[in-house]
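Listing of my_file.pdb; format and content: PDB, C-alpha atoms and all ligand atoms.
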MODEL        1
ATOM      1  CA  MET A   3     -22.904  -8.504   3.271  1.00  0.00           C
ATOM      2  CA  SER A   4     -22.914 -12.260   3.213  1.00  0.00           C
ATOM      3  CA  GLN A   5     -19.306 -12.985   4.229  1.00  0.00           C
ATOM      4  CA  ALA A   6     -17.208 -11.694   7.120  1.00  0.00           C
ATOM      5  CA  ARG A   7     -14.936  -8.826   6.179  1.00  0.00           C
ATOM      6  CA  VAL A   8     -11.262  -9.677   5.977  1.00  0.00           C
ATOM      7  CA  PRO A   9      -9.097  -8.005   8.663  1.00  0.00           C
ATOM      8  CA  VAL A  10      -6.467  -5.704   7.159  1.00  0.00           C
ATOM      9  CA  GLY A  11      -3.585  -3.809   8.756  1.00  0.00           C
ATOM     10  CA  VAL A  12      -2.104  -0.683   7.185  1.00  0.00           C
ATOM     11  CA  LEU A  13       1.463   0.557   7.662  1.00  0.00           C
ATOM     12  CA  ALA A  14       2.157   4.225   6.941  1.00  0.00           C
ATOM     13  CA  SER A  15       4.973   6.639   7.691  1.00  0.00           C
ATOM     14  CA  GLY A  16       3.542   9.936   6.534  1.00  0.00           C
ATOM     15  CA  SER A  17       0.435  11.952   5.926  1.00  0.00           C
ATOM     16  CA  GLY A  18      -1.749   8.936   5.265  1.00  0.00           C
ATOM     17  CA  THR A  19      -3.977  10.094   2.422  1.00  0.00           C
ATOM     18  CA  ASN A  20      -3.907   6.573   0.966  1.00  0.00           C
ATOM     19  CA  LEU A  21      -4.763   5.206   4.388  1.00  0.00           C
ATOM     20  CA  GLN A  22      -7.697   7.630   4.422  1.00  0.00           C
ATOM     21  CA  ALA A  23      -8.891   6.336   1.046  1.00  0.00           C
ATOM     22  CA  LEU A  24      -8.766   2.783   2.422  1.00  0.00           C
ATOM     23  CA  LEU A  25     -10.558   3.774   5.634  1.00  0.00           C
ATOM     24  CA  ASP A  26     -13.257   5.567   3.636  1.00  0.00           C
ATOM     25  CA  ALA A  27     -13.752   2.565   1.358  1.00  0.00           C
ATOM     26  CA  ALA A  28     -13.850   0.204   4.334  1.00  0.00           C
ATOM     27  CA  ALA A  29     -16.565   2.361   5.904  1.00  0.00           C
ATOM     28  CA  THR A  30     -18.920   1.577   3.001  1.00  0.00           C
ATOM     29  CA  ASP A  31     -21.464  -1.232   3.286  1.00  0.00           C
ATOM     30  CA  ASP A  32     -20.221  -3.629   0.647  1.00  0.00           C
ATOM     31  CA  PHE A  33     -16.432  -3.343   1.059  1.00  0.00           C
ATOM     32  CA  PRO A  34     -14.950  -6.811   1.739  1.00  0.00           C
ATOM     33  CA  ALA A  35     -12.197  -5.658   4.148  1.00  0.00           C
ATOM     34  CA  ARG A  36     -12.071  -3.849   7.455  1.00  0.00           C
ATOM     35  CA  ILE A  37      -9.049  -1.930   8.695  1.00  0.00           C
ATOM     36  CA  VAL A  38      -8.373  -3.363  12.143  1.00  0.00           C
ATOM     37  CA  VAL A  39      -5.081  -1.631  12.967  1.00  0.00           C
ATOM     38  CA  VAL A  40      -2.698   1.015  11.621  1.00  0.00           C
ATOM     39  CA  GLY A  41       1.009   0.964  12.405  1.00  0.00           C
ATOM     40  CA  SER A  42       3.861   3.356  11.825  1.00  0.00           C
ATOM     41  CA  ASP A  43       7.608   3.620  12.285  1.00  0.00           C
ATOM     42  CA  ARG A  44       7.151   7.335  13.012  1.00  0.00           C
ATOM     43  CA  PRO A  45       5.551   8.434  16.276  1.00  0.00           C
ATOM     44  CA  GLY A  46       3.055  11.219  15.676  1.00  0.00           C
ATOM     45  CA  ALA A  47       2.651  10.477  11.939  1.00  0.00           C
ATOM     46  CA  LEU A  48      -0.484  12.146  10.607  1.00  0.00           C
ATOM     47  CA  ALA A  49      -1.568   8.717   9.387  1.00  0.00           C
ATOM     48  CA  LEU A  50      -1.867   7.571  13.013  1.00  0.00           C
ATOM     49  CA  GLN A  51      -4.016  10.570  13.853  1.00  0.00           C
ATOM     50  CA  ARG A  52      -6.314   9.807  10.925  1.00  0.00           C
ATOM     51  CA  ALA A  53      -6.782   6.237  12.182  1.00  0.00           C
ATOM     52  CA  GLU A  54      -7.396   7.322  15.765  1.00  0.00           C
ATOM     53  CA  GLY A  55      -9.922   9.876  14.492  1.00  0.00           C
ATOM     54  CA  MET A  56     -11.883   6.990  12.999  1.00  0.00           C
ATOM     55  CA  GLY A  57     -11.559   4.805  16.088  1.00  0.00           C
ATOM     56  CA  VAL A  58      -9.014   2.410  14.584  1.00  0.00           C
ATOM     57  CA  PRO A  59      -6.301   1.119  16.968  1.00  0.00           C
ATOM     58  CA  THR A  60      -2.729   2.187  16.217  1.00  0.00           C
ATOM     59  CA  PHE A  61       0.803   1.240  17.165  1.00  0.00           C
ATOM     60  CA  THR A  62       4.280   2.608  16.587  1.00  0.00           C
ATOM     61  CA  VAL A  63       7.428   0.510  16.303  1.00  0.00           C
ATOM     62  CA  ARG A  64      10.626   2.513  15.923  1.00  0.00           C
ATOM     63  CA  ARG A  65      13.534   1.116  13.947  1.00  0.00           C
ATOM     64  CA  LYS A  66      15.921   2.656  16.476  1.00  0.00           C
ATOM     65  CA  GLY A  67      14.719   0.378  19.254  1.00  0.00           C
ATOM     66  CA  HIS A  68      15.767  -2.804  17.380  1.00  0.00           C
ATOM     67  CA  ALA A  69      19.202  -4.253  16.793  1.00  0.00           C
ATOM     68  CA  SER A  70      18.529  -5.495  13.268  1.00  0.00           C
ATOM     69  CA  ARG A  71      15.988  -5.066  10.495  1.00  0.00           C
ATOM     70  CA  GLU A  72      14.840  -8.637  11.109  1.00  0.00           C
ATOM     71  CA  ASP A  73      14.061  -7.819  14.759  1.00  0.00           C
ATOM     72  CA  PHE A  74      12.251  -4.671  13.708  1.00  0.00           C
ATOM     73  CA  ASP A  75      10.233  -6.513  11.028  1.00  0.00           C
ATOM     74  CA  ALA A  76       9.371  -9.256  13.512  1.00  0.00           C
ATOM     75  CA  ALA A  77       8.120  -6.680  16.029  1.00  0.00           C
ATOM     76  CA  VAL A  78       5.905  -5.010  13.406  1.00  0.00           C
ATOM     77  CA  ALA A  79       4.569  -8.359  12.182  1.00  0.00           C
ATOM     78  CA  HIS A  80       3.866  -9.388  15.779  1.00  0.00           C
ATOM     79  CA  GLN A  81       1.733  -6.277  16.339  1.00  0.00           C
ATOM     80  CA  LEU A  82      -0.245  -6.876  13.148  1.00  0.00           C
ATOM     81  CA  LEU A  83      -0.788 -10.572  13.875  1.00  0.00           C
ATOM     82  CA  ALA A  84      -1.896  -9.749  17.424  1.00  0.00           C
ATOM     83  CA  HIS A  85      -4.749  -7.780  15.826  1.00  0.00           C
ATOM     84  CA  GLY A  86      -5.712 -10.728  13.638  1.00  0.00           C
ATOM     85  CA  VAL A  87      -4.500  -9.114  10.422  1.00  0.00           C
ATOM     86  CA  ARG A  88      -4.694 -11.274   7.288  1.00  0.00           C
ATOM     87  CA  TRP A  89      -3.672  -8.790   4.567  1.00  0.00           C
ATOM     88  CA  VAL A  90      -1.254  -5.871   4.958  1.00  0.00           C
ATOM     89  CA  CYS A  91      -1.317  -2.631   2.964  1.00  0.00           C
ATOM     90  CA  LEU A  92       1.823  -0.534   2.817  1.00  0.00           C
ATOM     91  CA  ALA A  93       0.582   3.011   2.291  1.00  0.00           C
ATOM     92  CA  GLY A  94       3.467   5.445   2.174  1.00  0.00           C
ATOM     93  CA  TYR A  95       5.464   3.170   4.471  1.00  0.00           C
ATOM     94  CA  MET A  96       9.016   4.326   3.907  1.00  0.00           C
ATOM     95  CA  ARG A  97      10.748   1.090   4.878  1.00  0.00           C
ATOM     96  CA  ILE A  98      11.697  -1.987   2.922  1.00  0.00           C
ATOM     97  CA  VAL A  99      10.045  -5.026   4.424  1.00  0.00           C
ATOM     98  CA  GLY A 100      12.312  -8.061   4.637  1.00  0.00           C
ATOM     99  CA  PRO A 101      11.772 -11.815   4.416  1.00  0.00           C
ATOM    100  CA  THR A 102      10.853 -12.113   8.106  1.00  0.00           C
ATOM    101  CA  PHE A 103       7.882  -9.864   7.502  1.00  0.00           C
ATOM    102  CA  LEU A 104       6.877 -11.347   4.148  1.00  0.00           C
ATOM    103  CA  ASP A 105       7.030 -14.892   5.528  1.00  0.00           C
ATOM    104  CA  ALA A 106       4.702 -13.912   8.375  1.00  0.00           C
ATOM    105  CA  PHE A 107       2.002 -12.948   5.849  1.00  0.00           C
ATOM    106  CA  GLU A 108       2.800 -15.481   3.107  1.00  0.00           C
ATOM    107  CA  GLY A 109       2.589 -13.007   0.265  1.00  0.00           C
ATOM    108  CA  ARG A 110      -0.486 -11.166   1.504  1.00  0.00           C
ATOM    109  CA  VAL A 111       1.201  -7.749   1.402  1.00  0.00           C
ATOM    110  CA  LEU A 112       0.278  -4.945  -1.025  1.00  0.00           C
ATOM    111  CA  ASN A 113       2.128  -1.693  -1.737  1.00  0.00           C
ATOM    112  CA  ILE A 114       1.196   1.480  -3.578  1.00  0.00           C
ATOM    113  CA  HIS A 115       3.936   3.181  -5.559  1.00  0.00           C
ATOM    114  CA  PRO A 116       3.654   6.565  -7.310  1.00  0.00           C
ATOM    115  CA  SER A 117       4.926   5.544 -10.747  1.00  0.00           C
ATOM    116  CA  LEU A 118       4.028   3.198 -13.563  1.00  0.00           C
ATOM    117  CA  LEU A 119       6.352   0.396 -12.488  1.00  0.00           C
ATOM    118  CA  PRO A 120       8.810  -0.889 -13.547  1.00  0.00           C
ATOM    119  CA  ALA A 121       9.694   2.736 -14.342  1.00  0.00           C
ATOM    120  CA  PHE A 122      11.016   4.832 -11.484  1.00  0.00           C
ATOM    121  CA  PRO A 123      11.183   2.469  -8.495  1.00  0.00           C
ATOM    122  CA  GLY A 124      12.523   3.735  -5.182  1.00  0.00           C
ATOM    123  CA  LEU A 125      12.250   7.115  -3.546  1.00  0.00           C
ATOM    124  CA  ASP A 126      10.660  10.259  -4.943  1.00  0.00           C
ATOM    125  CA  ALA A 127       9.280   8.479  -7.985  1.00  0.00           C
ATOM    126  CA  GLN A 128       7.017  11.343  -9.047  1.00  0.00           C
ATOM    127  CA  ARG A 129       9.954  13.743  -9.187  1.00  0.00           C
ATOM    128  CA  GLN A 130      12.069  11.157 -11.023  1.00  0.00           C
ATOM    129  CA  ALA A 131       9.314  10.864 -13.648  1.00  0.00           C
ATOM    130  CA  PHE A 132       8.816  14.625 -13.887  1.00  0.00           C
ATOM    131  CA  GLU A 133      12.511  15.299 -14.309  1.00  0.00           C
ATOM    132  CA  HIS A 134      12.830  12.523 -16.877  1.00  0.00           C
ATOM    133  CA  GLY A 135      10.280  14.381 -18.987  1.00  0.00           C
ATOM    134  CA  VAL A 136       7.701  11.633 -19.321  1.00  0.00           C
ATOM    135  CA  LYS A 137       4.390  12.519 -20.989  1.00  0.00           C
ATOM    136  CA  VAL A 138       2.422   9.924 -19.050  1.00  0.00           C
ATOM    137  CA  ALA A 139       2.924   9.146 -15.371  1.00  0.00           C
ATOM    138  CA  GLY A 140       0.840   7.172 -12.912  1.00  0.00           C
ATOM    139  CA  CYS A 141       0.749   4.777 -10.001  1.00  0.00           C
ATOM    140  CA  THR A 142       0.895   1.050  -9.287  1.00  0.00           C
ATOM    141  CA  VAL A 143      -0.453  -1.334  -6.676  1.00  0.00           C
ATOM    142  CA  HIS A 144       1.685  -4.451  -6.497  1.00  0.00           C
ATOM    143  CA  LEU A 145       2.213  -7.500  -4.373  1.00  0.00           C
ATOM    144  CA  VAL A 146       5.332  -7.098  -2.289  1.00  0.00           C
ATOM    145  CA  ASP A 147       8.234  -9.444  -2.901  1.00  0.00           C
ATOM    146  CA  ALA A 148      11.846  -9.406  -1.711  1.00  0.00           C
ATOM    147  CA  GLY A 149      12.893  -6.636  -4.121  1.00  0.00           C
ATOM    148  CA  THR A 150      12.228  -2.912  -4.074  1.00  0.00           C
ATOM    149  CA  ASP A 151       8.979  -2.201  -5.945  1.00  0.00           C
ATOM    150  CA  THR A 152       9.441  -5.353  -8.031  1.00  0.00           C
ATOM    151  CA  GLY A 153       6.459  -7.552  -7.114  1.00  0.00           C
ATOM    152  CA  PRO A 154       3.652  -8.640  -9.486  1.00  0.00           C
ATOM    153  CA  ILE A 155       1.432  -5.759 -10.588  1.00  0.00           C
ATOM    154  CA  VAL A 156      -2.206  -5.790  -9.458  1.00  0.00           C
ATOM    155  CA  ALA A 157      -3.451  -2.396 -10.697  1.00  0.00           C
ATOM    156  CA  GLN A 158      -2.160   0.711 -12.440  1.00  0.00           C
ATOM    157  CA  GLU A 159      -3.603   4.032 -13.466  1.00  0.00           C
ATOM    158  CA  ALA A 160      -1.976   6.452 -15.885  1.00  0.00           C
ATOM    159  CA  VAL A 161      -2.257  10.228 -15.637  1.00  0.00           C
ATOM    160  CA  PRO A 162      -1.075  12.800 -18.176  1.00  0.00           C
ATOM    161  CA  VAL A 163       1.805  15.170 -17.599  1.00  0.00           C
ATOM    162  CA  LEU A 164       0.513  18.555 -18.720  1.00  0.00           C
ATOM    163  CA  ASP A 165       2.386  21.554 -20.064  1.00  0.00           C
ATOM    164  CA  GLY A 166       2.753  23.917 -17.146  1.00  0.00           C
ATOM    165  CA  ASP A 167       2.898  21.161 -14.530  1.00  0.00           C
ATOM    166  CA  ASP A 168       5.508  21.378 -11.844  1.00  0.00           C
ATOM    167  CA  ALA A 169       6.558  18.359  -9.806  1.00  0.00           C
ATOM    168  CA  GLU A 170       3.993  19.141  -7.119  1.00  0.00           C
ATOM    169  CA  ALA A 171       1.089  19.372  -9.559  1.00  0.00           C
ATOM    170  CA  LEU A 172       2.083  16.009 -10.987  1.00  0.00           C
ATOM    171  CA  ARG A 173       2.465  14.489  -7.506  1.00  0.00           C
ATOM    172  CA  LEU A 174      -1.083  15.556  -6.626  1.00  0.00           C
ATOM    173  CA  ARG A 175      -2.549  14.202  -9.882  1.00  0.00           C
ATOM    174  CA  ILE A 176      -0.840  10.854  -9.255  1.00  0.00           C
ATOM    175  CA  LEU A 177      -1.996  10.861  -5.634  1.00  0.00           C
ATOM    176  CA  ALA A 178      -5.641  11.270  -6.687  1.00  0.00           C
ATOM    177  CA  ALA A 179      -5.218   8.208  -8.920  1.00  0.00           C
ATOM    178  CA  GLU A 180      -3.621   6.285  -6.036  1.00  0.00           C
ATOM    179  CA  HIS A 181      -6.735   6.912  -3.964  1.00  0.00           C
ATOM    180  CA  ARG A 182      -8.843   5.349  -6.740  1.00  0.00           C
ATOM    181  CA  ILE A 183      -6.831   2.204  -7.399  1.00  0.00           C
ATOM    182  CA  TYR A 184      -5.734   1.176  -3.906  1.00  0.00           C
ATOM    183  CA  PRO A 185      -9.189   0.432  -2.462  1.00  0.00           C
ATOM    184  CA  ARG A 186     -10.112  -1.418  -5.664  1.00  0.00           C
ATOM    185  CA  ALA A 187      -6.953  -3.549  -5.553  1.00  0.00           C
ATOM    186  CA  LEU A 188      -7.426  -4.324  -1.864  1.00  0.00           C
ATOM    187  CA  ALA A 189     -11.012  -5.394  -2.482  1.00  0.00           C
ATOM    188  CA  TRP A 190      -9.832  -7.829  -5.189  1.00  0.00           C
ATOM    189  CA  ALA A 191      -7.086  -9.171  -2.930  1.00  0.00           C
ATOM    190  CA  VAL A 192      -9.204  -9.871   0.130  1.00  0.00           C
ATOM    191  CA  ALA A 193     -12.003 -11.334  -1.988  1.00  0.00           C
ATOM    192  CA  ASP A 194      -9.425 -13.838  -3.273  1.00  0.00           C
ATOM    193  CA  LYS A 195      -9.708 -12.660  -6.868  1.00  0.00           C
ATOM    194  CA  LEU A 196      -5.988 -12.411  -7.602  1.00  0.00           C
ATOM    195  CA  ARG A 197      -4.638 -15.236  -9.763  1.00  0.00           C
ATOM    196  CA  ILE A 198      -0.874 -15.029  -9.868  1.00  0.00           C
ATOM    197  CA  GLU A 199       0.750 -16.636 -12.889  1.00  0.00           C
ATOM    198  CA  GLY A 200       4.475 -15.873 -12.795  1.00  0.00           C
ATOM    199  CA  ARG A 201       4.778 -12.109 -12.988  1.00  0.00           C
ATOM    200  CA  LYS A 202       1.195 -11.718 -14.163  1.00  0.00           C
ATOM    201  CA  VAL A 203      -1.789 -11.131 -11.945  1.00  0.00           C
ATOM    202  CA  ARG A 204      -5.172 -11.905 -13.424  1.00  0.00           C
ATOM    203  CA  ILE A 205      -8.293 -10.575 -11.730  1.00  0.00           C
ATOM    204  CA  ASP A 206     -10.861 -13.340 -11.472  1.00  0.00           C
ATOM    205  CA  GLU A 207     -14.130 -11.477 -10.995  1.00  0.00           C
ATOM    206  CA  GLU A 208     -15.857 -14.694  -9.992  1.00  0.00           C
ATOM    207  CA  GLY A 209     -13.601 -15.178  -6.943  1.00  0.00           C
ATOM    208  CA  ARG A 210     -12.975 -18.655  -5.579  1.00  0.00           C
TER     209      ARG A 210
HETATM  210  C1  LIG A 301       2.217   8.127  -1.829  1.00  0.00           C
HETATM  211  O1  LIG A 301       2.396   8.882  -2.999  1.00  0.00           O
HETATM  212  C2  LIG A 301       2.776   6.723  -2.024  1.00  0.00           C
HETATM  213  O2  LIG A 301       2.578   6.216  -3.304  1.00  0.00           O
HETATM  214  C3  LIG A 301       4.242   6.976  -1.752  1.00  0.00           C
HETATM  215  O3  LIG A 301       4.254   7.829  -0.647  1.00  0.00           O
HETATM  216  C4  LIG A 301       3.090   8.657  -0.684  1.00  0.00           C
HETATM  217  C5  LIG A 301       2.397   8.570   0.645  1.00  0.00           C
HETATM  218  O4  LIG A 301       1.347   9.477   0.707  1.00  0.00           O
HETATM  219  N1  LIG A 301       4.937   5.758  -1.505  1.00  0.00           N
HETATM  220  C6  LIG A 301       6.170   5.527  -1.916  1.00  0.00           C
HETATM  221  O5  LIG A 301       6.834   6.344  -2.511  1.00  0.00           O
HETATM  222  C7  LIG A 301       6.705   4.155  -1.556  1.00  0.00           C
HETATM  223  N2  LIG A 301       7.876   3.872  -2.319  1.00  0.00           N
HETATM  224  P1  LIG A 301       0.215   9.323   1.804  1.00  0.00           P
HETATM  225  O6  LIG A 301       0.941   9.172   3.147  1.00  0.00           O
HETATM  226  O7  LIG A 301      -0.540  10.622   1.733  1.00  0.00           O
HETATM  227  O8  LIG A 301      -0.610   8.122   1.457  1.00  0.00           O
ENDMDL
END
Show me this structure written as structure tokens.
Ligand code: GAR
Amino acid sequence: MSQARVPVGVLASGSGTNLQALLDAAATDDFPARIVVVGSDRPGALALQRAEGMGVPTFTVRRKGHASREDFDAAVAHQLLAHGVRWVCLAGYMRIVGPTFLDAFEGRVLNIHPSLLPAFPGLDAQRQAFEHGVKVAGCTVHLVDAGTDTGPIVAQEAVPVLDGDDAEALRLRILAAEHRIYPRALAWAVADKLRIEGRKVRIDEEGR
């Protein structure tokens, strides 16, 4: 590969299957990013074990140990910056990141959400969609802004809701789509292919 890979940090609270998809993509020859550190707010999160299993450094910062969300965000940002992180991927990170954090990365923060935003923001989106009776569900990668799941949309994939599905079957179908779109969106982001025009993100395949 002709250019240095861009250092990326991933934050995850849970099982880390999206983290795994990013790690697997980053292990391929032509992927433009490398995952340099994985952080969590939950000690012992399976996501941390996945990272350690692949030799990626990890850290845990607990919300409890900090007086305010700003202090907590600053501590997480400090850890990421100490590892030279340029872009951050939230991958099942169950915390809202505040302005302190977003300022530290100047908009270079991506999130994956398990619905076709702007439908069903917030927690348990797959179940919200299932219970609403939608016929098409899906997932979204977006740039993170100050709102909850409101930032400009980088990538989406739709999946059908099938007769006979339960909420778990739908969750798994969405999750498989998440694993496809997140590495692709990260590759565009680090290769500087995102052109943000208001709410719209255009993918410039030429790059800068
Ligand atoms: C994923 O479905 C992700 O989209 C969701 O949490 C799950 C984490 O799974 N994130 C959110 O709901 C954020 N609002 P994973 O730990 O196996 O990647």
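Distances from A:Ala84, A:Val40, A:Leu145, A:Ala127 to ligand LIG 301 (chain A) were compared using only C-alpha atoms and all ligand atoms, and the smallest one belongs to A:Ala127.
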Nearby residues (only C-alpha atoms) at most 9 Å from Gly149 of chain A, same-chain spacing under 3 positions excluded, as a compact mmCIF listing (two decimals) with C-alpha atoms, in the coordinates of the input:
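File written: around00.txt
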# COMPACT_ATOMS: atom_id res chain seq x y z
CA ILE A 98 11.70 -1.99 2.92
CA GLY A 100 12.31 -8.06 4.64
CA VAL A 146 5.33 -7.10 -2.29
CA THR A 152 9.44 -5.35 -8.03
CA GLY A 153 6.46 -7.55 -7.11
Q: Name the residues captured by the PyMOL selection byres (((chain A and resi 111-120) around 9) and not hetatm) when it is applied to the shown file; answer as a PyMOL selection string.
A: chain A and resi 20+89-95+104+107-110+121-124+126-128+131+138-147+151-152+155-156+158-160+173+176-177+180+183-184+187-188+191
Q: Might you pull out every residue within 10 Å of segment 22-33 of chain A, with all atoms listed in the file counted and same-chain residues fewer than 5 positions away left off, and present them as a list in words?
A: Met3, Ser4, Arg7, Val8, Val10, Val12, Ser17, Val38, Ala49, Arg52, Ala53, Met56, Val58, Cys91, Ala93, Ala178, Glu180, His181, Arg182, Ile183, Tyr184, Pro185, Arg186, Leu188, Ala189, Val192 and Ala193 of chain A
Q | Surrounding residues of Leu50 of chain A excluding itself and chain neighbours under 5 positions, 10 Å, only C-alpha atoms, as a ChimeraX atom specification | A | /A:13-18,21,39-42,44-45,55,58-62
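Considering the residues A:Asp165, A:Asp73, A:Glu170, A:Asp105 and counting all atoms listed in the file, ligand LIG 301 (chain A) has its shortest atom-to-atom contact with A:Glu170.
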Q. Using the chain letters and numbers from the file, which residues does the PyMOL selection byres (((chain A and resi 86) around 9) and not hetatm) grab, as an NGL selection string?
A. :A and (9-11 or 38 or 82-85 or 87-88)
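When all atoms listed in the file are used to measure the gap to ligand LIG 301 (chain A), the shortest distance among A:Thr150, A:Gly46, A:Phe74, A:Val161 belongs to A:Thr150.
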Q: Skip Lys137 of chain A itself and residues of its chain fewer than 5 positions away, then list as a VMD selection string all residues within 8 Å of it, counting all atoms listed in the file.
A: chain A and resid 162 to 164
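Distance annotation: of A:Leu174, A:Val63, A:Ala35, A:Val99, the residue with the minimal separation from Ala6 of chain A is A:Ala35; atom set is all atoms listed in the file.
Counting all atoms listed in the file and comparing A:Arg129, A:Arg71, A:Arg175, A:Arg36, the residue that lies closest to Thr102 of chain A is A:Arg71.
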Q: Pick out the closest residue to ligand LIG 301 (chain A) from this set: A:Asp168, A:Ala69, A:Arg97, A:Ala77. Count only C-alpha atoms and all ligand atoms.
A: A:Arg97
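Counting from atom CA of Ala106 of chain A, the distance to atom CA of Gln51 of chain A is 26.6 Å.
The interatomic distance for the pair atom CA of Pro34 of chain A and atom CA of Ile198 of chain A works out to 20.0 Å.
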(Q) Quick one: residues within 12 Å of Arg197 of chain A, all atoms listed in the file, excluding same-chain residues fewer than 4 positions away - as a list of chain:residue names? (A) A:Leu145, A:Pro154, A:Ile155, A:Val156, A:Trp190, A:Ala191, A:Ala193, A:Arg201, A:Lys202, A:Val203, A:Arg204, A:Ile205, A:Asp206, A:Glu207, A:Glu208, A:Gly209, A:Arg210
